[in-house]
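Below is the file structure-v1.cif, which contains mmCIF, C-alpha atoms and all ligand atoms.
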data_start
#
loop_
_atom_site.label_atom_id
_atom_site.label_comp_id
_atom_site.auth_asym_id
_atom_site.auth_seq_id
_atom_site.Cartn_x
_atom_site.Cartn_y
_atom_site.Cartn_z
CA MET A 20 25.68 -29.07 25.11
CA ARG A 21 26.18 -31.65 22.38
CA ARG A 22 22.47 -32.13 22.17
CA LYS A 23 21.95 -28.40 21.74
CA GLY A 24 24.47 -28.41 18.88
CA ARG A 25 22.54 -31.15 17.10
CA GLU A 26 19.29 -29.28 17.55
CA ASP A 27 20.82 -26.20 16.00
CA GLU A 28 22.08 -28.29 13.11
CA MET A 29 18.61 -29.75 12.57
CA LYS A 30 17.06 -26.31 12.64
CA ARG A 31 19.52 -25.10 10.03
CA ILE A 32 18.78 -27.99 7.75
CA LEU A 33 15.06 -27.46 8.19
CA ALA A 34 15.39 -23.76 7.43
CA LEU A 35 17.41 -24.52 4.29
CA ALA A 36 14.83 -27.08 3.18
CA ILE A 37 12.01 -24.57 3.65
CA LEU A 38 13.94 -21.94 1.75
CA ALA A 39 14.65 -24.35 -1.08
CA THR A 40 11.03 -25.44 -1.49
CA ALA A 41 9.81 -21.87 -1.18
CA SER A 42 12.08 -20.62 -3.92
CA THR A 43 11.47 -23.49 -6.32
CA GLY A 44 7.77 -23.03 -5.66
CA ALA A 45 8.05 -19.39 -6.64
CA LEU A 46 9.94 -20.30 -9.80
CA ALA A 47 7.33 -22.85 -10.80
CA GLN A 48 4.61 -20.30 -10.24
CA GLN A 49 6.42 -17.75 -12.34
CA ALA A 50 6.80 -20.20 -15.20
CA ALA A 51 3.13 -21.15 -15.06
CA ALA A 52 1.80 -17.60 -14.82
CA PRO A 53 -0.13 -16.73 -17.98
CA THR A 54 0.76 -13.53 -19.77
CA PRO A 55 -1.74 -10.88 -18.71
CA PRO A 56 -4.02 -9.62 -21.46
CA PRO A 57 -3.09 -6.21 -22.90
CA TYR A 58 -4.65 -3.29 -21.07
CA SER A 59 -7.85 -2.01 -22.53
CA PRO A 60 -9.61 0.96 -20.97
CA PRO A 61 -13.11 0.38 -19.63
CA ALA A 62 -15.83 0.98 -22.22
CA ALA A 63 -17.68 3.37 -19.95
CA PRO A 64 -16.16 5.57 -17.25
CA SER A 65 -16.63 4.03 -13.82
CA PRO A 66 -19.68 5.36 -12.04
CA MET A 67 -19.13 8.17 -9.56
CA PRO A 68 -18.61 6.84 -6.04
CA SER A 69 -21.04 8.02 -3.40
CA VAL A 70 -20.02 11.26 -1.75
CA ASP A 71 -19.62 9.42 1.57
CA VAL A 72 -17.01 7.17 0.00
CA MET A 73 -15.13 10.18 -1.41
CA ALA A 74 -15.35 12.04 1.90
CA ALA A 75 -14.01 8.98 3.72
CA ALA A 76 -10.86 9.23 1.59
CA CYS A 77 -10.46 12.94 2.36
CA ALA A 78 -11.05 12.25 6.06
CA LEU A 79 -7.75 10.36 6.30
CA CYS A 80 -5.97 13.70 6.15
CA HIS A 81 -8.61 16.39 6.66
CA GLY A 82 -10.35 14.71 9.58
CA PRO A 83 -13.74 13.08 9.96
CA GLU A 84 -16.51 15.28 8.49
CA GLY A 85 -13.75 17.57 7.27
CA LYS A 86 -12.93 18.74 10.78
CA ALA A 87 -9.18 18.67 11.04
CA VAL A 88 -7.76 16.90 14.07
CA ASP A 89 -4.26 18.19 13.44
CA MET A 90 -3.67 21.95 13.65
CA SER A 91 -1.41 21.81 10.60
CA MET A 92 -4.30 20.68 8.38
CA ASN A 93 -7.03 22.94 7.07
CA SER A 94 -10.58 21.98 7.97
CA LEU A 95 -12.82 21.48 4.98
CA ALA A 96 -16.03 21.60 6.99
CA GLY A 97 -18.00 24.77 6.39
CA GLN A 98 -15.74 26.12 3.64
CA PRO A 99 -17.79 27.97 1.05
CA LYS A 100 -18.51 25.64 -1.85
CA ASN A 101 -17.05 27.98 -4.47
CA ASN A 102 -13.74 28.20 -2.62
CA MET A 103 -13.44 24.46 -2.54
CA VAL A 104 -14.41 24.03 -6.18
CA ASN A 105 -11.85 26.68 -7.14
CA SER A 106 -9.10 25.16 -4.98
CA LEU A 107 -9.72 21.67 -6.31
CA ASN A 108 -9.81 22.88 -9.92
CA GLN A 109 -6.55 24.74 -9.39
CA PHE A 110 -4.94 21.73 -7.73
CA ARG A 111 -6.08 19.61 -10.64
CA ALA A 112 -4.71 22.06 -13.18
CA GLY A 113 -1.45 22.29 -11.24
CA THR A 114 -1.79 26.07 -10.80
CA LYS A 115 -2.13 25.97 -7.00
CA PRO A 116 1.03 24.82 -5.22
CA ALA A 117 0.51 21.53 -3.42
CA THR A 118 2.38 18.59 -2.05
CA ILE A 119 -0.33 15.99 -2.52
CA MET A 120 -3.57 17.64 -3.62
CA THR A 121 -2.59 17.88 -7.30
CA ARG A 122 -2.50 14.12 -7.50
CA ILE A 123 -5.68 13.70 -5.50
CA ALA A 124 -7.62 16.32 -7.48
CA ARG A 125 -6.52 14.72 -10.78
CA GLY A 126 -8.53 11.70 -9.70
CA LEU A 127 -11.73 13.71 -9.42
CA SER A 128 -14.17 14.56 -12.20
CA ASP A 129 -16.04 17.89 -12.33
CA ALA A 130 -19.12 16.16 -10.93
CA GLU A 131 -17.11 14.64 -8.08
CA ILE A 132 -15.54 17.99 -7.20
CA ASP A 133 -19.00 19.55 -7.18
CA ALA A 134 -20.42 16.80 -4.97
CA VAL A 135 -17.59 16.76 -2.46
CA ALA A 136 -17.53 20.57 -2.22
CA SER A 137 -21.30 20.63 -1.52
CA TYR A 138 -20.83 17.93 1.09
CA TYR A 139 -18.20 19.90 3.01
CA ALA A 140 -19.90 23.28 2.58
CA ALA A 141 -22.91 21.77 4.36
CA ARG A 142 -20.85 20.59 7.38
CA ARG A 143 -20.38 22.79 10.41
C1 LIG B 201 -2.95 12.39 1.87
C2 LIG B 201 -3.59 13.49 2.59
C3 LIG B 201 -4.75 14.19 1.93
C4 LIG B 201 -5.91 13.64 1.42
C5 LIG B 201 -6.30 12.17 1.35
C6 LIG B 201 -6.71 14.75 0.98
N1 LIG B 201 -6.06 15.92 1.19
FE1 LIG B 201 -6.74 17.78 0.75
N2 LIG B 201 -5.01 18.61 1.41
C7 LIG B 201 -3.93 17.88 1.88
C8 LIG B 201 -2.80 18.79 2.06
C9 LIG B 201 -1.43 18.40 2.57
C10 LIG B 201 -3.25 20.06 1.67
C11 LIG B 201 -2.43 21.36 1.55
C12 LIG B 201 -2.01 21.49 0.08
C13 LIG B 201 -0.98 20.44 -0.32
O1 LIG B 201 0.14 20.51 0.18
O2 LIG B 201 -1.29 19.54 -1.14
C14 LIG B 201 -4.65 19.92 1.30
C15 LIG B 201 -5.46 20.96 0.90
C16 LIG B 201 -6.76 20.83 0.50
C17 LIG B 201 -7.65 21.92 0.14
C18 LIG B 201 -7.32 23.39 0.24
C19 LIG B 201 -7.74 23.79 1.63
C20 LIG B 201 -7.54 25.24 1.92
O3 LIG B 201 -8.22 25.72 2.84
O4 LIG B 201 -6.72 25.88 1.26
C21 LIG B 201 -8.84 21.37 -0.23
C22 LIG B 201 -10.08 22.13 -0.70
C23 LIG B 201 -8.71 19.94 -0.11
N3 LIG B 201 -7.44 19.65 0.35
C24 LIG B 201 -9.72 19.05 -0.41
C25 LIG B 201 -9.57 17.67 -0.32
C26 LIG B 201 -10.62 16.75 -0.71
C27 LIG B 201 -11.99 17.15 -1.23
C28 LIG B 201 -10.13 15.50 -0.50
C29 LIG B 201 -10.79 14.17 -0.79
C30 LIG B 201 -11.22 13.97 -2.15
C31 LIG B 201 -8.77 15.65 0.03
N4 LIG B 201 -8.48 16.99 0.13
C32 LIG B 201 -7.94 14.61 0.40
C33 LIG B 201 -3.89 16.54 2.16
C34 LIG B 201 -4.85 15.63 1.77
#
Mind turning the file's structure into structure tokens?
Ligand code: HEC
Amino acid sequence: MRRKGREDEMKRILALAILATASTGALAQQAAAPTPPPYSPPAAPSPMPSVDVMAAACALCHGPEGKAVDMSMNSLAGQPKNNMVNSLNQFRAGTKPATIMTRIARGLSDAEIDAVASYYAARR
């Protein structure tokens, strides 16, 4: 039993030592961190991602290929292109009620909305 007590004591000391070095390490790092340069917007807008990359993001919620796996989610596959363009424009403008799509649509340019709507309209 005594031996066990000593082991526990050693473990505590070790844990404290680790904590102490970890926190001083963090402090040192903080002190050494250079001030980040001020934000400057990119000179040119970033190039449009491929439609597959965009669709992969939508697939997280709307299902692979826009075919919803969850009954509570609308399928995008096979929706007429104009409907999707209109919905996404309205989400982006904040005129169509949404929980999440307003924020997502605000990240899409006109060209991206067009491309992603064509992609899903062509799925069956
Ligand atoms: C985080 C989950 C999520 C992601 C990611 C997502 N959506 Fe949605 N989407 C929703 C939800 C939830 C709705 C229902 C409206 C709302 O509450 O925002 C919806 C609705 C829609 C609608 C209207 C569907 C209808 O039949 O009325 C369209 C069109 C749409 N999303 C397109 C997209 C596209 C295109 C992408 C990828 C760029 C995308 N969504 C990514 C969750 C998501």
Counting only C-alpha atoms and all ligand atoms, the residue of A:Ala51, A:Val72, A:Leu107, A:Ala140 that sits nearest ligand LIG 201 (chain B): A:Leu107
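Note that the spacing between atom C11 of ligand LIG 201 (chain B) and CA of Ser65 (chain A) amounts to 27.2 Å.
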For ligand LIG 201 (chain B), the nearest of the candidates A:Arg142, A:Ala62, A:Asn102, A:Thr114, counting only C-alpha atoms and all ligand atoms: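 That would be A:Asn102, the residue with the smallest distance to ligand LIG 201 (chain B).
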Two-atom distance - CA of Gly126 (chain A), CA of Met90 (chain A) (Å):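 For CA of Gly126 (chain A) relative to CA of Met90 (chain A), the distance reads 26.0 Å.
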Radius query 9 Å about (-16.9, 12.3, 5.0), atoms used: all atoms listed in the file, as a list in words: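 Taken together, the residues in range are Val70, Asp71, Val72, Met73, Ala74, Ala75, Ala76, Cys77, Ala78, Gly82, Pro83, Glu84, Gly85, Val135, Tyr138 and Tyr139 of chain A.
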Interatomic distance, CA of Ala117 (chain A) to atom C11 of ligand LIG 201 (chain B) (Å, one decimal): 5.8 Å
Let me have the centre and edge lengths in Å, one decimal, of the box along x, y and z around every listed atom of ligand LIG 201 (chain B) with 4 Å of margin on each side, as JSON.
{"center_x": -5.9, "center_y": 19.0, "center_z": 0.3, "size_x": 20.1, "size_y": 21.7, "size_z": 13.0}
Shortest interatomic distance to ligand LIG 201 (chain B) - which of A:Gln109, A:Thr54, A:Ser128, A:Thr118, counting only C-alpha atoms and all ligand atoms: A:Thr118
Residue with smallest distance to Ala96 (chain A) - pool A:Ser59, A:Ser69, A:Ser137, A:Thr121, counting all atoms listed in the file: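 Using all atoms listed in the file, Ala96 (chain A) sits closest to A:Ser137.
Using only C-alpha atoms, the nearest neighbour of Met103 (chain A) within the list A:Leu79, A:Val88, A:Asp27, A:Glu131 is A:Glu131.
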Surrounding residues of Val104 (chain A) excluding itself and chain neighbours under 6 positions, 7 Å, all atoms listed in the file, as a list in words: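 Near Val104 (chain A), the qualifying residues are Ile132, Asp133 and Ala136 of chain A.
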Distance criterion (only C-alpha atoms and all ligand atoms): nearest to ligand LIG 201 (chain B) out of A:Arg31, A:His81, A:Arg143, A:Arg25: A:His81
